[in-house]
Structure formats: C-alpha cells, structure tokens
Amino acid sequence: MLQDVLNEIEREELVRLTQELVRISSVYRPEQQDGNEARVARFVADYLETAGFGVKSEEVAPGRKNVWTVWEGERPGKTLLFEAHTDVVTEGSAEDWDHPPFDADRDGGRIYGRGACDTKGNLAAAVVAVSAIRSSGVPFPGRLILCHPVDEEGMMTGIKAFIERGHAEGVDAAVVCEPEENHLCVSQKGALRAELTVRGTMAHGAMPESGVNPVTRAAKFVVEVEELEREEIERHGEDPFLGCPSLTPTILMGPGSGEPQINVIPASAYVALDIRTVPAQSHAELITHLEDILARLAAEDPDFDATLEVIEERPPTETPKDEPLVRAMAKAYTSLTGEEPTYNGVPGATDGTFLHAWAGIPIVTTGAGDREIPHHADEWVDEEELLATCKLYAATALYYAYGEEAHV
C-alpha cells in the first residue's frame with residue numbers, strides 16, 4: 001500500500017512545481033498591481049484543478065485569497081490537514097543574492113530563491129504527496145485537506161479567517177509544512193507583542209528641568225523588563241525543545257512619532273516588546289508582571305505616565321508524543337529511513353499556532369529546509385531532503401488513516 005503511493009511521487013515534478021512557485025513573487029506589496037499572494041493563489045488553484053481536485057478560494061483582503069481543497073477517500077475515516085502558506089518575506093536587495101531571488105535556480109542539488117525553503121518547497125511536497133495518494137488508487141479511509149492561506153509572515157490573517165469561517169471544523173489533526181529539517185516539532189513558542197507609550201513634556205535640552213523626559217523613563221522600563229526576563233528563566237528553566245523564554249525590547253524611540261532633534265526633550269517615547277514564551281508560562285501572568293512594573297515606576301515617580309498595549313498574542317503550543325498524529329508520523333519516518341525521528345520545537349510561531357489554540361487541532365510541524373536559512377539571501381532547499389519530505393507527508397497520511405496496515 002505505502003509503496004504503491006511512493007511509486008506515484010516523481011522527483012522531477014516535485015522540483016518543477018517548487019520552481020514554478022518560487023518564480024512567482026508573493027511578497028506583501030499592496031501598492032503593486034497583482035501583488036501579494038494573488039498570482040501564486042491562482043497558480044496553486046489551477047494546478048490543483050488540473051490534477052483533478054475541487055478547489056475552493058476565499059478572499060481575506062484585497063488581492064489575498066486563501067486556497068484549499070478537500071479530497072474525500074473512498075471510505076469514511078479521520079480528516080488530516082496539510083497547511084502551507086503562500087506568502088514570502090521580502091527579498092531585500094537583489095545585489096545581496098548570488099542567485100536571483102525569483103529565478104529558482106537549480107544548482108548542486110539545491111533550488112535557490114525566496115520561499116524555496118520557507119515554505120514553497122514544502123507546499124509543493126504536500127500537494128505532490130496528496131496527489132500521489134489520490135492517483136495511486138489506494139482505497140483511502142478519510143479526508144485530506146490541502147490548506148494554503150495568505151499572510152503567515154504577517155499577522156496570520158489567512159489562517160485566522162480560515163478558522164473563523166468554519167473551514168477547520170471536523171479536522172482531526174494537522175501537519176504544518178515548515179522548514180524544520182524533517183524533525184518532528186511537537187511544540188512551538190508563543191509570542192506576545194506589546195507597545196509602551198510614555199508621555200512627557202516637551203522642553204529644551206539645555207533646560208531639562210523645565211520638562212518631563214519620557215526617554216529616561218522608558219529606559220527604566222526597559223531595564224525592568226530585562227530583570228523580569230531573568231526571573232522568568234529562573235522560574236521556568238529551559239524547555240527541552242524550545243530553550244529559554246525571552247522578553248526582548250526591540251524598539252526604543254523618542255519621540256514616539258514625529259521628527260527627533262538632539263536639543264529637544266520629546267513629548268513621548270515608544271518601546272516595542274517581542275516576548276517569546278514556552279508552554280509552562282502564562283501570558284496573563286506575564287502581562288500582570290508588566291503592569292506591576294509600570295505601577296511600581298509610577299509610585300516612585302509622580303511624572304511617570306505610561307500605557308501598555310498588547311497588540312498581538314500567539315500562545316505556545318504542545319502536542320503529546322502519544323497523540324495519534326505524532327505516532328503516525330514517527331512510524332512513517334522510521335519506515336522510510338530505518339531510523340528513529342528527531343523530536344524538536346519551533347522557535348517562532350506558525351499558522352499552526354491558531355489551528356491548535358483556536359480550533360483545538362493537534363499539530364506537528366515539519367518539512368524540508370535548514371531551519372536557519374529562511375529569510376536569508378540565497379535561500380535554498382535541498383532536493384533530496386524535499387523528496388524525503390514529500391514521502392514523509394504521504395506516509396504520514398497513510399499511517400494516520402490506516403494504522404499499522406499502511407505498510408502492507
């Protein structure tokens with residue numbers, strides 16, 4: 001059964017599909033005609049329709065369409081979703097690339113280009129894997145969904161809309177297709193993004209006593225955040241897959257808006273925090289700790305006037321190793337390689353964050369690609385590893401649907 005499916009996977013078709021996807025720039029550029037994910041969404045829809053799948057699409061924002069297909073097997077069973085986003089980050093300056101960012105050069109067993117690794121190669125691997133199951137004639141029990149949302153690299157509006165509009169209902173488990181060196185990532189860090197606005201009184205830099213300096217007060221908050229990070233690490237230790245939590249001030253700016261000047265105390269200052277959490281932490285408790293810092297600073301200084309706003313919250317996720325999807329993928333990996341899989345965690349958030357947190361769907365994140373290569377110039381994916389990923393996706397679907405019978 002498994003071999004029948006693997007026989008349907010063609011390496012050259014997988015490579016060709018990856019190259020075609022990479023050649024379509026799907027960077028978020030709303031000012032450009034036909035920019036964003038519009039062209040790649042049409043390409044994916046056309047490819048799936050040509051392969052015989054019924055395709056659904058839905059606009060999330062102008063020029064930004066989610067695309068997905070639901071394939072029903074011959075027999076009833078569980079529903080497994082493969083998720084791979086269609087957007088990519090900016091290529092930056094083309095001069096920094098040895099291989100043009102959207103040419104999809106094939107060189108030395110690698111495919112180069114923006115998105116080759118994150119995550120168009122893995123999108124292609126999922127499509128080819130499900131197509132192979134469909135064309136093999138295996139009497140598949142259950143449903144397979146290929147889900148290709150927009151905006152994973154931004155605010156993840158694509159997967160949020162997919163869930164909010166009811167399209168994830170009935171899904172039993174999901175494979176999140178991201179570059180993780182084919183490790184089985186069973187946990188991922190959460191994220192809190194927060195903004196602090198500190199209000200002061202504008203004054204001449206030569207007469208600071210005539211104003212209230214928000215910059216020094218913002219700096220005191222930053223120092224307190226550094227201490228809170230140390231306390232959180234001491235409290236929760238190092239997660240075996242995710243490492244230590246972090247609270248990182250990424251922007252300290254005064255004034256908070258408008259033009260700065262060296263001899264002017266600004267009327268406001270701005271601090272941005274990028275907080276990454278592990279499953280042992282509570283986001284609500286962290287927010288309370290930050291608010292306590294502000295209350296303490298205000299009690300010490302009657303001129304300390306600040307407001308904290310959480311602008312994005314992505315909870316950490318954790319999938320037990322005895323979850324049926326994890327067991328199925330581990331069995332698939334071993335049957336294909338003869339080795340035990342490597343378990344790991346995702347250092348950042350993915351669309352799987354919301355599949356798990358909002359829809360309650362167990363997830364495993366895996367796919368081809370060196371996990372340090374995404375967003376770099378000369379991004380690449382190894383063809384052999386990509387082929388292994390495609391086979392892993394197909395075998396996982398079979399073991400999840402059939403159990404031990406899948407090897408027959």
# chains A, B, ... in the order shown; residues from 1 in each chain; ligands from 1

$ select_by_dssp --residues "range 213-256 of chain A" --states "helix (DSSP H, G or I)" --output "VMD selection string"
chain A and resid 214 to 236

$ residues_around --residues "range 22-30 of chain A" --least-positions-apart "5" --cutoff "12 Å" --atoms "only C-alpha atoms" --output "PyMOL selection string"
chain A and resi 15-17+35-44+61-65+85-92+100-106+111-124+149-155+375+379-381

$ closest_residue --among "A:Pro249, A:Pro179, A:Gly142, A:Gly190" --to "Glu385 in chain A" --atoms "only C-alpha atoms"
A:Pro179

$ closest_residue --among "A:Glu383, A:Glu178, A:Glu318, A:Glu404" --to "Gly108 in chain A" --atoms "only C-alpha atoms"
A:Glu383

$ residues_around --residues "Pro347 in chain A" --least-positions-apart "5" --cutoff "10 Å" --atoms "only C-alpha atoms" --output "list in words"
Cys185, Ser187, Gln188, Lys189, Gly190, Phe241, Leu242, Gly243, Cys244, Pro245, Arg276, Thr277, Val278 and Arg371 of chain A

$ write_last_selection --atoms "N, CA and C atoms" --output "mmCIF file, in the first residue's frame"
data_model
loop_
_atom_site.group_PDB
_atom_site.id
_atom_site.type_symbol
_atom_site.label_atom_id
_atom_site.label_comp_id
_atom_site.auth_asym_id
_atom_site.auth_seq_id
_atom_site.Cartn_x
_atom_site.Cartn_y
_atom_site.Cartn_z
ATOM 1 N N CYS A 185 8.476 18.443 15.050
ATOM 2 C CA CYS A 185 8.370 19.522 16.024
ATOM 3 C C CYS A 185 7.009 19.441 16.708
ATOM 4 N N SER A 187 6.240 21.075 19.637
ATOM 5 C CA SER A 187 5.918 22.266 20.424
ATOM 6 C C SER A 187 6.440 23.488 19.684
ATOM 7 N N GLN A 188 5.907 24.645 20.026
ATOM 8 C CA GLN A 188 6.403 25.877 19.444
ATOM 9 C C GLN A 188 6.190 27.020 20.430
ATOM 10 N N LYS A 189 7.094 27.984 20.350
ATOM 11 C CA LYS A 189 6.999 29.115 21.258
ATOM 12 C C LYS A 189 5.783 29.982 20.949
ATOM 13 N N GLY A 190 5.260 30.575 22.009
ATOM 14 C CA GLY A 190 4.227 31.580 21.840
ATOM 15 C C GLY A 190 4.860 32.944 21.674
ATOM 16 N N PHE A 241 12.780 21.417 24.167
ATOM 17 C CA PHE A 241 12.747 21.628 22.724
ATOM 18 C C PHE A 241 12.851 23.100 22.324
ATOM 19 N N LEU A 242 12.468 24.006 23.210
ATOM 20 C CA LEU A 242 12.328 25.410 22.839
ATOM 21 C C LEU A 242 13.352 26.329 23.488
ATOM 22 N N GLY A 243 14.118 25.817 24.438
ATOM 23 C CA GLY A 243 15.083 26.660 25.106
ATOM 24 C C GLY A 243 14.418 27.576 26.122
ATOM 25 N N CYS A 244 14.992 28.742 26.333
ATOM 26 C CA CYS A 244 14.517 29.655 27.371
ATOM 27 C C CYS A 244 13.520 30.669 26.809
ATOM 28 N N PRO A 245 12.598 31.119 27.652
ATOM 29 C CA PRO A 245 11.723 32.221 27.236
ATOM 30 C C PRO A 245 12.523 33.514 27.098
ATOM 31 N N ARG A 276 8.725 36.037 23.703
ATOM 32 C CA ARG A 276 8.568 34.654 23.235
ATOM 33 C C ARG A 276 8.455 33.732 24.451
ATOM 34 N N THR A 277 7.410 32.931 24.463
ATOM 35 C CA THR A 277 7.075 32.152 25.653
ATOM 36 C C THR A 277 7.135 30.657 25.388
ATOM 37 N N VAL A 278 7.287 29.914 26.468
ATOM 38 C CA VAL A 278 7.264 28.449 26.427
ATOM 39 C C VAL A 278 5.960 27.978 27.073
ATOM 40 N N ARG A 371 16.693 25.050 9.137
ATOM 41 C CA ARG A 371 15.832 25.975 9.876
ATOM 42 C C ARG A 371 16.456 27.359 10.063
#

$ atom_distance --atom1 "CA of Val186 in chain A" --atom2 "CA of Asp382 in chain A"
23.1 Å

$ residues_around --residues "Glu83 in chain A" --least-positions-apart "3" --cutoff "9 Å" --atoms "only C-alpha atoms" --output "VMD selection string"
chain A and resid 123 126 145 to 149 174 to 178 351 to 352

$ write_last_selection --atoms "C-alpha atoms" --output "PDB file, in the first residue's frame"
ATOM      1  CA  LEU A 123       3.836  23.426  -0.189  1.00  0.00           C
ATOM      2  CA  ALA A 126       2.288  18.424   0.352  1.00  0.00           C
ATOM      3  CA  ILE A 145      -7.200  18.803   3.109  1.00  0.00           C
ATOM      4  CA  LEU A 146      -4.575  20.941   1.419  1.00  0.00           C
ATOM      5  CA  CYS A 147      -4.788  24.398   3.010  1.00  0.00           C
ATOM      6  CA  HIS A 148      -2.779  27.307   1.567  1.00  0.00           C
ATOM      7  CA  PRO A 149      -3.500  30.555   3.423  1.00  0.00           C
ATOM      8  CA  ALA A 174      -2.816  18.952  11.033  1.00  0.00           C
ATOM      9  CA  VAL A 175       0.685  18.831   9.579  1.00  0.00           C
ATOM     10  CA  VAL A 176       2.165  22.329   9.434  1.00  0.00           C
ATOM     11  CA  CYS A 177       4.565  22.377   6.495  1.00  0.00           C
ATOM     12  CA  GLU A 178       7.555  24.493   7.507  1.00  0.00           C
ATOM     13  CA  ASP A 351      -0.098  29.174  11.329  1.00  0.00           C
ATOM     14  CA  GLY A 352      -0.288  26.012  13.434  1.00  0.00           C
TER      15      GLY A 352
END

$ select_by_dssp --residues "range 49-289 of chain A" --states "strand (DSSP E or B)" --output "ChimeraX atom specification"
/A:55-61,64-72,75-83,88,106-107,110-112,141-148,173-177,184-188,190-199,201,203-204,212,239,243,246-253,264-265,268-277

$ write_last_selection --atoms "C-alpha atoms" --output "mmCIF file, in the first residue's frame"
data_model
loop_
_atom_site.group_PDB
_atom_site.id
_atom_site.type_symbol
_atom_site.label_atom_id
_atom_site.label_comp_id
_atom_site.auth_asym_id
_atom_site.auth_seq_id
_atom_site.Cartn_x
_atom_site.Cartn_y
_atom_site.Cartn_z
ATOM 1 C CA VAL A 55 -10.735 23.872 -5.367
ATOM 2 C CA LYS A 56 -12.141 26.469 -3.008
ATOM 3 C CA SER A 57 -10.864 30.011 -2.522
ATOM 4 C CA GLU A 58 -11.851 32.944 -0.393
ATOM 5 C CA GLU A 59 -10.595 36.499 -0.242
ATOM 6 C CA VAL A 60 -9.223 37.582 3.119
ATOM 7 C CA ALA A 61 -8.174 41.052 1.959
ATOM 8 C CA ARG A 64 -5.129 37.989 -0.807
ATOM 9 C CA LYS A 65 -7.005 34.729 -1.274
ATOM 10 C CA ASN A 66 -6.819 31.541 0.750
ATOM 11 C CA VAL A 67 -6.877 28.441 -1.455
ATOM 12 C CA TRP A 68 -7.759 24.941 -0.291
ATOM 13 C CA THR A 69 -9.053 21.593 -1.439
ATOM 14 C CA VAL A 70 -10.825 18.778 0.393
ATOM 15 C CA TRP A 71 -10.314 15.287 -1.015
ATOM 16 C CA GLU A 72 -12.668 12.552 0.177
ATOM 17 C CA ARG A 75 -14.133 5.060 2.885
ATOM 18 C CA PRO A 76 -15.032 7.082 5.994
ATOM 19 C CA GLY A 77 -12.282 7.972 8.425
ATOM 20 C CA LYS A 78 -10.365 10.786 10.048
ATOM 21 C CA THR A 79 -9.553 14.158 8.498
ATOM 22 C CA LEU A 80 -5.916 15.243 8.182
ATOM 23 C CA LEU A 81 -4.985 18.758 7.050
ATOM 24 C CA PHE A 82 -1.697 19.800 5.436
ATOM 25 C CA GLU A 83 -1.086 23.542 5.847
ATOM 26 C CA VAL A 88 7.082 35.014 1.432
ATOM 27 C CA ARG A 106 18.773 24.715 -9.697
ATOM 28 C CA ASP A 107 22.408 24.282 -8.698
ATOM 29 C CA ARG A 110 19.563 22.702 -4.437
ATOM 30 C CA ILE A 111 16.765 25.014 -5.528
ATOM 31 C CA TYR A 112 17.545 28.667 -4.776
ATOM 32 C CA PRO A 141 -10.281 5.984 4.521
ATOM 33 C CA GLY A 142 -10.990 9.587 5.449
ATOM 34 C CA ARG A 143 -10.363 13.077 4.127
ATOM 35 C CA LEU A 144 -7.218 15.007 3.232
ATOM 36 C CA ILE A 145 -7.200 18.803 3.109
ATOM 37 C CA LEU A 146 -4.575 20.941 1.419
ATOM 38 C CA CYS A 147 -4.788 24.398 3.010
ATOM 39 C CA HIS A 148 -2.779 27.307 1.567
ATOM 40 C CA ALA A 173 -5.093 16.725 13.108
ATOM 41 C CA ALA A 174 -2.816 18.952 11.033
ATOM 42 C CA VAL A 175 0.685 18.831 9.579
ATOM 43 C CA VAL A 176 2.165 22.329 9.434
ATOM 44 C CA CYS A 177 4.565 22.377 6.495
ATOM 45 C CA LEU A 184 9.083 16.231 14.277
ATOM 46 C CA CYS A 185 8.370 19.522 16.024
ATOM 47 C CA VAL A 186 5.787 18.869 18.730
ATOM 48 C CA SER A 187 5.918 22.266 20.424
ATOM 49 C CA GLN A 188 6.403 25.877 19.444
ATOM 50 C CA GLY A 190 4.227 31.580 21.840
ATOM 51 C CA ALA A 191 4.521 35.281 21.181
ATOM 52 C CA LEU A 192 3.311 38.445 22.838
ATOM 53 C CA ARG A 193 3.826 41.746 21.033
ATOM 54 C CA ALA A 194 3.364 44.792 23.239
ATOM 55 C CA GLU A 195 3.791 48.537 22.808
ATOM 56 C CA LEU A 196 4.545 51.018 25.573
ATOM 57 C CA THR A 197 3.849 54.726 25.167
ATOM 58 C CA VAL A 198 5.492 57.003 27.740
ATOM 59 C CA ARG A 199 4.205 60.556 27.900
ATOM 60 C CA THR A 201 6.573 67.259 28.478
ATOM 61 C CA ALA A 203 11.361 71.047 26.605
ATOM 62 C CA HIS A 204 14.728 72.470 25.612
ATOM 63 C CA VAL A 212 9.451 65.788 31.769
ATOM 64 C CA ASP A 239 12.311 23.889 27.778
ATOM 65 C CA GLY A 243 15.083 26.660 25.106
ATOM 66 C CA SER A 246 12.665 35.746 26.198
ATOM 67 C CA LEU A 247 11.392 39.283 26.705
ATOM 68 C CA THR A 248 13.121 41.449 24.125
ATOM 69 C CA PRO A 249 12.764 45.225 23.755
ATOM 70 C CA THR A 250 13.206 45.667 20.005
ATOM 71 C CA ILE A 251 12.463 49.385 19.600
ATOM 72 C CA LEU A 252 13.171 52.353 21.883
ATOM 73 C CA MET A 253 12.250 55.583 20.152
ATOM 74 C CA VAL A 264 14.738 68.792 22.266
ATOM 75 C CA ILE A 265 13.254 66.645 25.005
ATOM 76 C CA SER A 268 6.683 60.979 24.176
ATOM 77 C CA ALA A 269 8.737 57.827 23.893
ATOM 78 C CA TYR A 270 7.875 54.429 22.442
ATOM 79 C CA VAL A 271 9.041 50.920 23.380
ATOM 80 C CA ALA A 272 8.190 47.735 21.477
ATOM 81 C CA LEU A 273 8.470 44.320 23.122
ATOM 82 C CA ASP A 274 8.813 40.988 21.338
ATOM 83 C CA ILE A 275 8.102 38.357 24.013
ATOM 84 C CA ARG A 276 8.568 34.654 23.235
ATOM 85 C CA THR A 277 7.075 32.152 25.653
#

$ closest_residue --among "A:Leu294, A:Pro208, A:Pro139, A:Asp303" --to "Met1 in chain A" --atoms "only C-alpha atoms"
A:Pro139

$ atom_distance --atom1 "CA of Pro266 in chain A" --atom2 "CA of Thr288 in chain A"
28.2 Å

$ residues_around --residues "Phe221 in chain A" --least-positions-apart "2" --cutoff "9 Å" --atoms "only C-alpha atoms" --output "list in words"
Thr216, Arg217, Ala218, Ala219, Val223, Glu224, Val225, Glu226, Val271, Ile293, Leu294 and Leu297 of chain A

$ closest_residue --among "A:Tyr393, A:Trp97, A:Tyr400, A:Phe53" --to "Tyr333 in chain A" --atoms "only C-alpha atoms"
A:Tyr393

$ closest_residue --among "A:Ser282, A:Asn182, A:Asn7, A:Thr396" --to "Asn344 in chain A" --atoms "only C-alpha atoms"
A:Asn182

$ closest_residue --among "A:Tyr47, A:Gly254, A:Glu95, A:Ser131" --to "Glu8 in chain A" --atoms "only C-alpha atoms"
A:Ser131

$ decode --residues "range 327-399 of chain A" --atoms "C-alpha atoms" --output "mmCIF file, in the first residue's frame"
data_model
loop_
_atom_site.group_PDB
_atom_site.id
_atom_site.type_symbol
_atom_site.label_atom_id
_atom_site.label_comp_id
_atom_site.auth_asym_id
_atom_site.auth_seq_id
_atom_site.Cartn_x
_atom_site.Cartn_y
_atom_site.Cartn_z
ATOM 1 C CA ARG A 327 2.761 8.313 16.469
ATOM 2 C CA ALA A 328 1.755 8.039 12.811
ATOM 3 C CA MET A 329 4.475 10.437 11.668
ATOM 4 C CA ALA A 330 7.109 8.720 13.812
ATOM 5 C CA LYS A 331 6.130 5.365 12.310
ATOM 6 C CA ALA A 332 6.213 6.852 8.822
ATOM 7 C CA TYR A 333 9.661 8.351 9.394
ATOM 8 C CA THR A 334 11.088 5.080 10.679
ATOM 9 C CA SER A 335 9.548 3.023 7.890
ATOM 10 C CA LEU A 336 11.091 5.329 5.281
ATOM 11 C CA THR A 337 14.539 5.829 6.815
ATOM 12 C CA GLY A 338 15.099 2.893 9.172
ATOM 13 C CA GLU A 339 15.942 5.438 11.889
ATOM 14 C CA GLU A 340 14.156 6.965 14.853
ATOM 15 C CA PRO A 341 12.895 10.517 14.263
ATOM 16 C CA THR A 342 14.355 13.580 15.912
ATOM 17 C CA TYR A 343 11.830 15.477 18.022
ATOM 18 C CA ASN A 344 12.169 19.224 18.261
ATOM 19 C CA GLY A 345 10.347 22.518 18.750
ATOM 20 C CA VAL A 346 9.685 25.591 16.618
ATOM 21 C CA PRO A 347 11.425 28.719 17.966
ATOM 22 C CA GLY A 348 8.790 31.013 16.442
ATOM 23 C CA ALA A 349 5.066 30.915 15.812
ATOM 24 C CA THR A 350 3.411 29.395 12.718
ATOM 25 C CA ASP A 351 -0.098 29.174 11.329
ATOM 26 C CA GLY A 352 -0.288 26.012 13.434
ATOM 27 C CA THR A 353 -0.429 28.273 16.488
ATOM 28 C CA PHE A 354 -4.014 29.167 15.674
ATOM 29 C CA LEU A 355 -5.020 25.750 14.343
ATOM 30 C CA HIS A 356 -4.081 24.441 17.784
ATOM 31 C CA ALA A 357 -5.117 27.339 20.042
ATOM 32 C CA TRP A 358 -8.311 28.443 18.282
ATOM 33 C CA ALA A 359 -9.533 25.235 16.667
ATOM 34 C CA GLY A 360 -8.166 22.708 19.171
ATOM 35 C CA ILE A 361 -6.413 20.700 16.449
ATOM 36 C CA PRO A 362 -3.331 18.624 17.348
ATOM 37 C CA ILE A 363 -0.397 19.702 15.161
ATOM 38 C CA VAL A 364 3.062 18.550 14.162
ATOM 39 C CA THR A 365 5.337 20.958 12.300
ATOM 40 C CA THR A 366 7.862 19.523 9.874
ATOM 41 C CA GLY A 367 9.299 19.911 6.415
ATOM 42 C CA ALA A 368 12.436 20.262 4.333
ATOM 43 C CA GLY A 369 14.910 23.067 4.804
ATOM 44 C CA ASP A 370 17.694 24.147 7.113
ATOM 45 C CA ARG A 371 15.832 25.975 9.876
ATOM 46 C CA GLU A 372 18.380 28.828 9.864
ATOM 47 C CA ILE A 373 18.039 29.542 6.125
ATOM 48 C CA PRO A 374 14.571 31.180 5.969
ATOM 49 C CA HIS A 375 14.616 34.944 5.341
ATOM 50 C CA HIS A 376 18.312 34.849 4.317
ATOM 51 C CA ALA A 377 19.676 35.927 0.963
ATOM 52 C CA ASP A 378 20.271 32.930 -1.328
ATOM 53 C CA GLU A 379 17.604 30.940 0.487
ATOM 54 C CA TRP A 380 17.641 27.335 -0.732
ATOM 55 C CA VAL A 381 16.173 23.886 -0.226
ATOM 56 C CA ASP A 382 17.912 20.580 -0.857
ATOM 57 C CA GLU A 383 16.195 18.452 -3.498
ATOM 58 C CA GLU A 384 16.870 15.127 -1.770
ATOM 59 C CA GLU A 385 15.551 16.422 1.524
ATOM 60 C CA LEU A 386 12.488 17.823 -0.230
ATOM 61 C CA LEU A 387 11.806 14.431 -1.808
ATOM 62 C CA ALA A 388 12.148 12.819 1.623
ATOM 63 C CA THR A 389 9.636 15.344 2.984
ATOM 64 C CA CYS A 390 7.145 14.551 0.236
ATOM 65 C CA LYS A 391 7.389 10.848 1.039
ATOM 66 C CA LEU A 392 7.090 11.583 4.764
ATOM 67 C CA TYR A 393 3.888 13.574 4.203
ATOM 68 C CA ALA A 394 2.382 10.772 2.109
ATOM 69 C CA ALA A 395 3.413 8.021 4.532
ATOM 70 C CA THR A 396 2.123 10.038 7.497
ATOM 71 C CA ALA A 397 -1.297 10.338 5.863
ATOM 72 C CA LEU A 398 -1.419 6.583 5.296
ATOM 73 C CA TYR A 399 -0.281 5.622 8.796
#
